[in-house]
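For reference, run_1.pdb is printed below; it contains PDB, N, CA and C atoms.
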ATOM      1  N   MET A   1      93.479  -9.403 155.922
ATOM      2  CA  MET A   1      94.615  -9.702 155.083
ATOM      3  C   MET A   1      95.865  -9.165 155.777
ATOM      4  N   ALA A   2      96.872  -9.971 155.879
ATOM      5  CA  ALA A   2      98.117  -9.583 156.544
ATOM      6  C   ALA A   2      98.911  -8.615 155.667
ATOM      7  N   ASN A   3      99.776  -7.838 156.308
ATOM      8  CA  ASN A   3     100.576  -6.853 155.572
ATOM      9  C   ASN A   3     101.474  -7.498 154.521
ATOM     10  N   ASN A   4     102.049  -8.667 154.835
ATOM     11  CA  ASN A   4     102.895  -9.355 153.853
ATOM     12  C   ASN A   4     102.093  -9.740 152.609
ATOM     13  N   GLU A   5     100.892 -10.222 152.838
ATOM     14  CA  GLU A   5     100.016 -10.611 151.727
ATOM     15  C   GLU A   5      99.632  -9.379 150.909
ATOM     16  N   LEU A   6      99.326  -8.291 151.569
ATOM     17  CA  LEU A   6      98.980  -7.049 150.895
ATOM     18  C   LEU A   6     100.176  -6.515 150.108
ATOM     19  N   LEU A   7     101.354  -6.574 150.689
ATOM     20  CA  LEU A   7     102.572  -6.125 150.020
ATOM     21  C   LEU A   7     102.812  -6.941 148.754
ATOM     22  N   ASN A   8     102.621  -8.263 148.831
ATOM     23  CA  ASN A   8     102.782  -9.123 147.653
ATOM     24  C   ASN A   8     101.808  -8.739 146.548
ATOM     25  N   LYS A   9     100.573  -8.427 146.915
ATOM     26  CA  LYS A   9      99.569  -8.024 145.922
ATOM     27  C   LYS A   9      99.938  -6.690 145.279
ATOM     28  N   ILE A  10     100.434  -5.755 146.073
ATOM     29  CA  ILE A  10     100.845  -4.448 145.532
ATOM     30  C   ILE A  10     102.009  -4.625 144.557
ATOM     31  N   GLU A  11     102.986  -5.446 144.922
ATOM     32  CA  GLU A  11     104.124  -5.689 144.039
ATOM     33  C   GLU A  11     103.696  -6.397 142.758
ATOM     34  N   ALA A  12     102.779  -7.352 142.867
ATOM     35  CA  ALA A  12     102.266  -8.039 141.685
ATOM     36  C   ALA A  12     101.517  -7.050 140.788
ATOM     37  N   LEU A  13     100.733  -6.182 141.410
ATOM     38  CA  LEU A  13     100.001  -5.163 140.656
ATOM     39  C   LEU A  13     100.967  -4.265 139.901
ATOM     40  N   ASN A  14     102.033  -3.834 140.560
ATOM     41  CA  ASN A  14     103.033  -2.988 139.908
ATOM     42  C   ASN A  14     103.676  -3.701 138.713
ATOM     43  N   GLU A  15     103.966  -4.987 138.852
ATOM     44  CA  GLU A  15     104.552  -5.755 137.756
ATOM     45  C   GLU A  15     103.591  -5.850 136.575
ATOM     46  N   TRP A  16     102.315  -6.139 136.862
ATOM     47  CA  TRP A  16     101.319  -6.246 135.790
ATOM     48  C   TRP A  16     101.110  -4.900 135.094
ATOM     49  N   GLU A  17     101.097  -3.819 135.867
ATOM     50  CA  GLU A  17     100.920  -2.502 135.259
ATOM     51  C   GLU A  17     102.115  -2.130 134.392
ATOM     52  N   ALA A  18     103.325  -2.501 134.799
ATOM     53  CA  ALA A  18     104.505  -2.253 133.977
ATOM     54  C   ALA A  18     104.421  -3.051 132.673
ATOM     55  N   LEU A  19     103.954  -4.288 132.765
ATOM     56  CA  LEU A  19     103.785  -5.122 131.581
ATOM     57  C   LEU A  19     102.735  -4.527 130.642
ATOM     58  N   MET A  20     101.640  -4.019 131.212
ATOM     59  CA  MET A  20     100.597  -3.384 130.398
ATOM     60  C   MET A  20     101.139  -2.153 129.674
ATOM     61  N   GLU A  21     101.926  -1.339 130.365
ATOM     62  CA  GLU A  21     102.504  -0.143 129.741
ATOM     63  C   GLU A  21     103.429  -0.529 128.594
ATOM     64  N   GLU A  22     104.201  -1.596 128.790
ATOM     65  CA  GLU A  22     105.101  -2.074 127.738
ATOM     66  C   GLU A  22     104.294  -2.548 126.528
ATOM     67  N   ALA A  23     103.216  -3.272 126.778
ATOM     68  CA  ALA A  23     102.364  -3.763 125.689
ATOM     69  C   ALA A  23     101.681  -2.600 124.968
ATOM     70  N   LYS A  24     101.230  -1.599 125.734
ATOM     71  CA  LYS A  24     100.608  -0.424 125.119
ATOM     72  C   LYS A  24     101.601   0.320 124.234
ATOM     73  N   ALA A  25     102.851   0.433 124.690
ATOM     74  CA  ALA A  25     103.880   1.119 123.906
ATOM     75  C   ALA A  25     104.151   0.364 122.610
ATOM     76  N   GLU A  26     104.198  -0.966 122.686
ATOM     77  CA  GLU A  26     104.422  -1.780 121.493
ATOM     78  C   GLU A  26     103.253  -1.639 120.520
ATOM     79  N   ALA A  27     102.031  -1.665 121.037
ATOM     80  CA  ALA A  27     100.849  -1.507 120.187
ATOM     81  C   ALA A  27     100.844  -0.123 119.529
ATOM     82  N   GLU A  28     101.210   0.898 120.271
ATOM     83  CA  GLU A  28     101.249   2.255 119.723
ATOM     84  C   GLU A  28     102.308   2.361 118.627
ATOM     85  N   ALA A  29     103.456   1.705 118.804
ATOM     86  CA  ALA A  29     104.504   1.711 117.781
ATOM     87  C   ALA A  29     104.006   1.043 116.498
ATOM     88  N   LEU A  30     103.289  -0.072 116.628
ATOM     89  CA  LEU A  30     102.718  -0.740 115.461
ATOM     90  C   LEU A  30     101.673   0.140 114.781
ATOM     91  N   ARG A  31     100.832   0.778 115.584
ATOM     92  CA  ARG A  31      99.805   1.681 115.071
ATOM     93  C   ARG A  31     100.456   2.822 114.272
ATOM     94  N   ASP A  32     101.520   3.406 114.842
ATOM     95  CA  ASP A  32     102.221   4.505 114.170
ATOM     96  C   ASP A  32     102.847   4.053 112.858
ATOM     97  N   SER A  33     103.372   2.837 112.843
ATOM     98  CA  SER A  33     103.977   2.289 111.632
ATOM     99  C   SER A  33     102.927   2.142 110.524
ATOM    100  N   ILE A  34     101.754   1.652 110.876
ATOM    101  CA  ILE A  34     100.668   1.498 109.903
ATOM    102  C   ILE A  34     100.221   2.865 109.400
ATOM    103  N   LYS A  35     100.080   3.839 110.305
ATOM    104  CA  LYS A  35      99.692   5.196 109.908
ATOM    105  C   LYS A  35     100.718   5.785 108.948
ATOM    106  N   GLN A  36     102.001   5.605 109.252
ATOM    107  CA  GLN A  36     103.059   6.134 108.398
ATOM    108  C   GLN A  36     102.986   5.536 106.999
ATOM    109  N   GLU A  37     102.747   4.234 106.926
ATOM    110  CA  GLU A  37     102.624   3.570 105.631
ATOM    111  C   GLU A  37     101.447   4.130 104.842
ATOM    112  N   MET A  38     100.340   4.371 105.512
ATOM    113  CA  MET A  38      99.165   4.926 104.837
ATOM    114  C   MET A  38      99.440   6.346 104.350
ATOM    115  N   MET A  39     100.160   7.125 105.138
ATOM    116  CA  MET A  39     100.501   8.483 104.721
ATOM    117  C   MET A  39     101.433   8.452 103.510
ATOM    118  N   GLU A  40     102.389   7.528 103.509
ATOM    119  CA  GLU A  40     103.303   7.402 102.371
ATOM    120  C   GLU A  40     102.552   6.990 101.107
ATOM    121  N   ARG A  41     101.539   6.170 101.267
ATOM    122  CA  ARG A  41     100.719   5.751 100.117
ATOM    123  C   ARG A  41      99.683   6.808  99.737
ATOM    124  N   GLY A  42      99.494   7.797 100.599
ATOM    125  CA  GLY A  42      98.537   8.864 100.319
ATOM    126  C   GLY A  42      97.094   8.398 100.343
ATOM    127  N   THR A  43      96.770   7.531 101.288
ATOM    128  CA  THR A  43      95.408   7.002 101.368
ATOM    129  C   THR A  43      94.860   7.119 102.787
ATOM    130  N   GLU A  44      93.550   7.261 102.880
ATOM    131  CA  GLU A  44      92.888   7.288 104.181
ATOM    132  C   GLU A  44      92.214   5.964 104.488
ATOM    133  N   GLU A  45      92.127   5.091 103.473
ATOM    134  CA  GLU A  45      91.521   3.777 103.669
ATOM    135  C   GLU A  45      92.355   2.748 102.931
ATOM    136  N   LEU A  46      92.607   1.642 103.604
ATOM    137  CA  LEU A  46      93.471   0.616 103.041
ATOM    138  C   LEU A  46      92.861  -0.751 103.311
ATOM    139  N   GLU A  47      92.699  -1.546 102.259
ATOM    140  CA  GLU A  47      92.243  -2.921 102.420
ATOM    141  C   GLU A  47      93.465  -3.815 102.447
ATOM    142  N   CYS A  48      93.541  -4.636 103.478
ATOM    143  CA  CYS A  48      94.683  -5.534 103.626
ATOM    144  C   CYS A  48      94.146  -6.865 104.148
ATOM    145  N   GLY A  49      94.061  -7.831 103.254
ATOM    146  CA  GLY A  49      93.498  -9.121 103.650
ATOM    147  C   GLY A  49      92.051  -8.949 104.068
ATOM    148  N   GLN A  50      91.720  -9.426 105.254
ATOM    149  CA  GLN A  50      90.345  -9.346 105.746
ATOM    150  C   GLN A  50      90.056  -8.038 106.469
ATOM    151  N   TYR A  51      91.039  -7.144 106.525
ATOM    152  CA  TYR A  51      90.904  -5.914 107.300
ATOM    153  C   TYR A  51      90.784  -4.686 106.408
ATOM    154  N   ILE A  52      90.036  -3.729 106.881
ATOM    155  CA  ILE A  52      89.971  -2.403 106.266
ATOM    156  C   ILE A  52      90.474  -1.441 107.327
ATOM    157  N   VAL A  53      91.562  -0.754 107.011
ATOM    158  CA  VAL A  53      92.179   0.178 107.951
ATOM    159  C   VAL A  53      91.849   1.587 107.481
ATOM    160  N   ARG A  54      91.379   2.414 108.393
ATOM    161  CA  ARG A  54      91.066   3.805 108.057
ATOM    162  C   ARG A  54      91.867   4.736 108.956
ATOM    163  N   TYR A  55      92.431   5.753 108.351
ATOM    164  CA  TYR A  55      93.133   6.809 109.080
ATOM    165  C   TYR A  55      92.671   8.109 108.447
ATOM    166  N   GLN A  56      91.544   8.623 108.974
ATOM    167  CA  GLN A  56      90.861   9.736 108.348
ATOM    168  C   GLN A  56      90.881  10.976 109.224
ATOM    169  N   SER A  57      90.794  12.115 108.569
ATOM    170  CA  SER A  57      90.638  13.382 109.279
ATOM    171  C   SER A  57      89.164  13.544 109.633
ATOM    172  N   ILE A  58      88.911  13.867 110.875
ATOM    173  CA  ILE A  58      87.546  14.040 111.366
ATOM    174  C   ILE A  58      87.421  15.459 111.913
ATOM    175  N   VAL A  59      86.363  16.157 111.543
ATOM    176  CA  VAL A  59      86.115  17.500 112.063
ATOM    177  C   VAL A  59      85.033  17.396 113.131
ATOM    178  N   THR A  60      85.318  17.932 114.315
ATOM    179  CA  THR A  60      84.335  17.928 115.392
ATOM    180  C   THR A  60      84.151  19.350 115.905
ATOM    181  N   ASN A  61      82.989  19.607 116.420
ATOM    182  CA  ASN A  61      82.696  20.893 117.045
ATOM    183  C   ASN A  61      82.538  20.653 118.538
ATOM    184  N   ARG A  62      83.306  21.382 119.320
ATOM    185  CA  ARG A  62      83.261  21.216 120.769
ATOM    186  C   ARG A  62      82.964  22.544 121.428
ATOM    187  N   PHE A  63      82.290  22.459 122.540
ATOM    188  CA  PHE A  63      81.961  23.646 123.307
ATOM    189  C   PHE A  63      83.185  24.075 124.107
ATOM    190  N   ASP A  64      83.560  25.352 124.006
ATOM    191  CA  ASP A  64      84.737  25.885 124.690
ATOM    192  C   ASP A  64      84.336  26.379 126.076
ATOM    193  N   ASN A  65      84.478  25.499 127.077
ATOM    194  CA  ASN A  65      84.087  25.841 128.448
ATOM    195  C   ASN A  65      84.856  27.035 128.998
ATOM    196  N   SER A  66      86.170  27.097 128.732
ATOM    197  CA  SER A  66      86.962  28.188 129.308
ATOM    198  C   SER A  66      86.553  29.545 128.746
ATOM    199  N   ALA A  67      86.323  29.619 127.446
ATOM    200  CA  ALA A  67      85.907  30.890 126.849
ATOM    201  C   ALA A  67      84.531  31.293 127.374
ATOM    202  N   PHE A  68      83.630  30.308 127.506
ATOM    203  CA  PHE A  68      82.292  30.588 128.025
ATOM    204  C   PHE A  68      82.368  31.087 129.470
ATOM    205  N   LYS A  69      83.214  30.450 130.259
ATOM    206  CA  LYS A  69      83.383  30.836 131.665
ATOM    207  C   LYS A  69      83.919  32.262 131.774
ATOM    208  N   LYS A  70      84.851  32.638 130.888
ATOM    209  CA  LYS A  70      85.399  33.997 130.901
ATOM    210  C   LYS A  70      84.373  35.021 130.432
ATOM    211  N   ALA A  71      83.604  34.671 129.415
ATOM    212  CA  ALA A  71      82.648  35.617 128.838
ATOM    213  C   ALA A  71      81.414  35.797 129.717
ATOM    214  N   LEU A  72      80.902  34.708 130.278
ATOM    215  CA  LEU A  72      79.671  34.758 131.074
ATOM    216  C   LEU A  72      79.837  33.949 132.360
ATOM    217  N   PRO A  73      80.613  34.442 133.310
ATOM    218  CA  PRO A  73      80.880  33.654 134.522
ATOM    219  C   PRO A  73      79.637  33.361 135.351
ATOM    220  N   GLU A  74      78.677  34.264 135.394
ATOM    221  CA  GLU A  74      77.462  34.031 136.194
ATOM    222  C   GLU A  74      76.625  32.900 135.593
ATOM    223  N   VAL A  75      76.479  32.922 134.293
ATOM    224  CA  VAL A  75      75.707  31.876 133.622
ATOM    225  C   VAL A  75      76.427  30.535 133.767
ATOM    226  N   TYR A  76      77.741  30.551 133.602
ATOM    227  CA  TYR A  76      78.535  29.334 133.762
ATOM    228  C   TYR A  76      78.335  28.741 135.153
ATOM    229  N   ALA A  77      78.409  29.598 136.180
ATOM    230  CA  ALA A  77      78.258  29.134 137.566
ATOM    231  C   ALA A  77      76.877  28.543 137.812
ATOM    232  N   ALA A  78      75.875  29.076 137.142
ATOM    233  CA  ALA A  78      74.506  28.588 137.323
ATOM    234  C   ALA A  78      74.327  27.167 136.770
ATOM    235  N   PHE A  79      75.171  26.770 135.837
ATOM    236  CA  PHE A  79      75.001  25.466 135.198
ATOM    237  C   PHE A  79      76.076  24.451 135.580
ATOM    238  N   ILE A  80      76.888  24.760 136.566
ATOM    239  CA  ILE A  80      77.898  23.812 137.025
ATOM    240  C   ILE A  80      77.226  22.706 137.842
ATOM    241  N   LYS A  81      77.621  21.486 137.577
ATOM    242  CA  LYS A  81      77.083  20.335 138.306
ATOM    243  C   LYS A  81      78.257  19.647 138.993
ATOM    244  N   GLN A  82      78.199  19.557 140.292
ATOM    245  CA  GLN A  82      79.279  18.955 141.061
ATOM    246  C   GLN A  82      79.081  17.442 141.127
ATOM    247  N   SER A  83      80.185  16.716 141.023
ATOM    248  CA  SER A  83      80.107  15.261 141.133
ATOM    249  C   SER A  83      81.240  14.779 142.037
ATOM    250  N   THR A  84      81.046  13.619 142.603
ATOM    251  CA  THR A  84      82.036  13.028 143.494
ATOM    252  C   THR A  84      82.468  11.684 142.928
ATOM    253  N   SER A  85      83.766  11.418 142.992
ATOM    254  CA  SER A  85      84.277  10.122 142.548
ATOM    255  C   SER A  85      85.388   9.693 143.500
ATOM    256  N   ARG A  86      85.831   8.446 143.333
ATOM    257  CA  ARG A  86      86.912   7.941 144.181
ATOM    258  C   ARG A  86      88.094   7.609 143.291
ATOM    259  N   ARG A  87      89.280   7.871 143.800
ATOM    260  CA  ARG A  87      90.503   7.616 143.041
ATOM    261  C   ARG A  87      91.373   6.644 143.834
ATOM    262  N   PHE A  88      91.884   5.629 143.149
ATOM    263  CA  PHE A  88      92.758   4.634 143.763
ATOM    264  C   PHE A  88      94.183   4.912 143.285
ATOM    265  N   SER A  89      95.133   4.987 144.215
ATOM    266  CA  SER A  89      96.524   5.182 143.819
ATOM    267  C   SER A  89      97.438   4.512 144.828
ATOM    268  N   ILE A  90      98.610   4.157 144.363
ATOM    269  CA  ILE A  90      99.642   3.587 145.225
ATOM    270  C   ILE A  90     100.886   4.411 145.007
ATOM    271  N   ALA A  91     101.438   4.936 146.091
ATOM    272  CA  ALA A  91     102.636   5.769 145.980
ATOM    273  C   ALA A  91     103.795   5.107 146.682
TER     274      ALA A  91
END
Written as structure tokens, how would this file's structure read?
Amino acid sequence: MANNELLNKIEALNEWEALMEEAKAEAEALRDSIKQEMMERGTEELECGQYIVRYQSIVTNRFDNSAFKKALPEVYAAFIKQSTSRRFSIA
């Protein structure tokens, strides 16, 4: 692939990614508007036409890796699993 062709693909990719970010921002604004309406109505579940919208509080329990690492560093080190991945970026 020639450099000009590669440059065109990179520029097209940048344009599409900018468009995706704009669409994500618009979707997030709509999502926030719906959440705000539900909060004003004081409800966690809302039926609207064919849709049921839920905005609920969820409680989860998560393991605190940093506290465990500080409290028992030897045990933490014994259970660390290393992994390798590849990252694509354009600067």
Provide an axis-aligned box for all listed atoms of stretch 72-76 of chain A, padding each side by 8 Å; report its centre and its edge lengths in Å to one decimal, as lines of an AutoDock Vina configuration file.
center_x = 78.3
center_y = 31.7
center_z = 133.2
size_x = 21.2
size_y = 22.0
size_z = 21.9
Response to the item:
A straight line from atom CA of A:Ser89 to atom CA of A:Ala23 spans 21.0 Å
Discussion item. Would you pick out the contacts of A:Ile90 at 12 Å or less, using only C-alpha atoms, so that residues sharing its chain but fewer than 5 positions from it are not included, and give the list as a ChimeraX atom specification?
Written reply: /A:7,9-11,13-14,17
Just N, CA and C atoms for this one: save the residues we selected as a PDB file, in the coordinates of the input.
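Okay, result-v2.pdb is ready:
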ATOM      1  N   LEU A   7     101.354  -6.574 150.689  1.00  0.00           N
ATOM      2  CA  LEU A   7     102.572  -6.125 150.020  1.00  0.00           C
ATOM      3  C   LEU A   7     102.812  -6.941 148.754  1.00  0.00           C
ATOM      4  N   LYS A   9     100.573  -8.427 146.915  1.00  0.00           N
ATOM      5  CA  LYS A   9      99.569  -8.024 145.922  1.00  0.00           C
ATOM      6  C   LYS A   9      99.938  -6.690 145.279  1.00  0.00           C
ATOM      7  N   ILE A  10     100.434  -5.755 146.073  1.00  0.00           N
ATOM      8  CA  ILE A  10     100.845  -4.448 145.532  1.00  0.00           C
ATOM      9  C   ILE A  10     102.009  -4.625 144.557  1.00  0.00           C
ATOM     10  N   GLU A  11     102.986  -5.446 144.922  1.00  0.00           N
ATOM     11  CA  GLU A  11     104.124  -5.689 144.039  1.00  0.00           C
ATOM     12  C   GLU A  11     103.696  -6.397 142.758  1.00  0.00           C
ATOM     13  N   LEU A  13     100.733  -6.182 141.410  1.00  0.00           N
ATOM     14  CA  LEU A  13     100.001  -5.163 140.656  1.00  0.00           C
ATOM     15  C   LEU A  13     100.967  -4.265 139.901  1.00  0.00           C
ATOM     16  N   ASN A  14     102.033  -3.834 140.560  1.00  0.00           N
ATOM     17  CA  ASN A  14     103.033  -2.988 139.908  1.00  0.00           C
ATOM     18  C   ASN A  14     103.676  -3.701 138.713  1.00  0.00           C
ATOM     19  N   GLU A  17     101.097  -3.819 135.867  1.00  0.00           N
ATOM     20  CA  GLU A  17     100.920  -2.502 135.259  1.00  0.00           C
ATOM     21  C   GLU A  17     102.115  -2.130 134.392  1.00  0.00           C
TER      22      GLU A  17
END
Worksheet, complete the sentence: Taken to one decimal, the atom CA of A:Glu21-atom CA of A:Gln56 distance is 26.3 Å
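Atom C of A:Arg31 is found 10.8 Å from atom N of A:Arg54.
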Fill in: Contact residues around stretch 40-44 of chain A with only C-alpha atoms at 12 Å, ignoring same-chain residues under 5 positions, as an MDAnalysis selection string
chainID A and resid 33:35 52:58
Practice prompt. Give me every alpha helix (DSSP H) residue in stretch 3-63 of chain A, going by DSSP on the backbone, as a PyMOL selection string.
Written response: chain A and resi 3-41
Enumerate, as a PDB file with N, CA and C atoms, keeping the file's coordinate frame, the complete set of residues in chain A that a backbone-based DSSP assignment places in strand (DSSP E or B).
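File written: out_32.pdb
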ATOM      1  N   GLU A  45      92.127   5.091 103.473  1.00  0.00           N
ATOM      2  CA  GLU A  45      91.521   3.777 103.669  1.00  0.00           C
ATOM      3  C   GLU A  45      92.355   2.748 102.931  1.00  0.00           C
ATOM      4  N   LEU A  46      92.607   1.642 103.604  1.00  0.00           N
ATOM      5  CA  LEU A  46      93.471   0.616 103.041  1.00  0.00           C
ATOM      6  C   LEU A  46      92.861  -0.751 103.311  1.00  0.00           C
ATOM      7  N   GLU A  47      92.699  -1.546 102.259  1.00  0.00           N
ATOM      8  CA  GLU A  47      92.243  -2.921 102.420  1.00  0.00           C
ATOM      9  C   GLU A  47      93.465  -3.815 102.447  1.00  0.00           C
ATOM     10  N   CYS A  48      93.541  -4.636 103.478  1.00  0.00           N
ATOM     11  CA  CYS A  48      94.683  -5.534 103.626  1.00  0.00           C
ATOM     12  C   CYS A  48      94.146  -6.865 104.148  1.00  0.00           C
ATOM     13  N   TYR A  51      91.039  -7.144 106.525  1.00  0.00           N
ATOM     14  CA  TYR A  51      90.904  -5.914 107.300  1.00  0.00           C
ATOM     15  C   TYR A  51      90.784  -4.686 106.408  1.00  0.00           C
ATOM     16  N   ILE A  52      90.036  -3.729 106.881  1.00  0.00           N
ATOM     17  CA  ILE A  52      89.971  -2.403 106.266  1.00  0.00           C
ATOM     18  C   ILE A  52      90.474  -1.441 107.327  1.00  0.00           C
ATOM     19  N   VAL A  53      91.562  -0.754 107.011  1.00  0.00           N
ATOM     20  CA  VAL A  53      92.179   0.178 107.951  1.00  0.00           C
ATOM     21  C   VAL A  53      91.849   1.587 107.481  1.00  0.00           C
ATOM     22  N   ARG A  54      91.379   2.414 108.393  1.00  0.00           N
ATOM     23  CA  ARG A  54      91.066   3.805 108.057  1.00  0.00           C
ATOM     24  C   ARG A  54      91.867   4.736 108.956  1.00  0.00           C
TER      25      ARG A  54
END
Save stretch 25-89 of chain A to disk from that block, C-alpha atoms included, as a tab-separated table (two decimals), in the first residue's frame.
chain	number	residue	atom	x	y	z
A	25	ALA	CA	-22.03	12.61	23.03
A	26	GLU	CA	-25.52	13.07	21.56
A	27	ALA	CA	-26.63	9.65	22.83
A	28	GLU	CA	-25.24	10.42	26.30
A	29	ALA	CA	-27.12	13.76	26.35
A	30	LEU	CA	-30.38	11.95	25.50
A	31	ARG	CA	-29.65	9.30	28.14
A	32	ASP	CA	-29.03	12.03	30.76
A	33	SER	CA	-32.27	13.77	29.81
A	34	ILE	CA	-34.26	10.55	30.31
A	35	LYS	CA	-32.52	9.91	33.66
A	36	GLN	CA	-33.31	13.46	34.80
A	37	GLU	CA	-36.98	13.01	33.90
A	38	MET	CA	-37.12	9.76	35.86
A	39	MET	CA	-35.50	11.41	38.88
A	40	GLU	CA	-38.00	14.28	38.71
A	41	ARG	CA	-40.84	11.75	38.62
A	42	GLY	CA	-39.24	9.84	41.50
A	43	THR	CA	-39.29	6.49	39.74
A	44	GLU	CA	-36.74	3.79	38.97
A	45	GLU	CA	-38.90	2.16	36.29
A	46	LEU	CA	-40.90	3.86	33.59
A	47	GLU	CA	-43.16	2.37	30.93
A	48	CYS	CA	-43.27	4.47	27.80
A	49	GLY	CA	-44.99	2.97	24.78
A	50	GLN	CA	-43.34	-0.35	23.97
A	51	TYR	CA	-40.32	0.39	26.18
A	52	ILE	CA	-39.59	-0.14	29.84
A	53	VAL	CA	-36.82	2.15	31.05
A	54	ARG	CA	-35.04	1.37	34.31
A	55	TYR	CA	-32.65	3.61	36.22
A	56	GLN	CA	-31.97	1.67	39.39
A	57	SER	CA	-29.42	1.70	42.17
A	58	ILE	CA	-27.36	-1.47	42.12
A	59	VAL	CA	-25.14	-2.64	44.99
A	60	THR	CA	-22.05	-4.63	44.01
A	61	ASN	CA	-19.23	-6.12	46.02
A	62	ARG	CA	-15.79	-5.82	44.49
A	63	PHE	CA	-12.44	-7.09	45.57
A	64	ASP	CA	-10.08	-4.24	46.56
A	65	ASN	CA	-6.82	-5.18	44.84
A	66	SER	CA	-4.87	-2.19	46.15
A	67	ALA	CA	-5.78	-2.80	49.79
A	68	PHE	CA	-4.98	-6.51	49.40
A	69	LYS	CA	-1.63	-5.69	47.78
A	70	LYS	CA	-0.75	-3.34	50.67
A	71	ALA	CA	-1.87	-5.77	53.38
A	72	LEU	CA	-0.39	-8.97	51.92
A	73	PRO	CA	2.15	-8.14	49.20
A	74	GLU	CA	3.71	-11.63	49.14
A	75	VAL	CA	0.38	-13.37	48.66
A	76	TYR	CA	-0.63	-10.80	46.04
A	77	ALA	CA	2.61	-11.39	44.11
A	78	ALA	CA	2.04	-15.14	44.19
A	79	PHE	CA	-1.30	-14.77	42.39
A	80	ILE	CA	-0.40	-12.18	39.75
A	81	LYS	CA	-0.95	-13.40	36.20
A	82	GLN	CA	0.88	-11.56	33.45
A	83	SER	CA	-0.79	-11.08	30.08
A	84	THR	CA	0.28	-9.55	26.80
A	85	SER	CA	-1.88	-7.51	24.44
A	86	ARG	CA	-1.41	-5.21	21.46
A	87	ARG	CA	-2.47	-1.59	21.29
A	88	PHE	CA	-3.19	0.33	18.08
A	89	SER	CA	-2.78	4.11	18.09
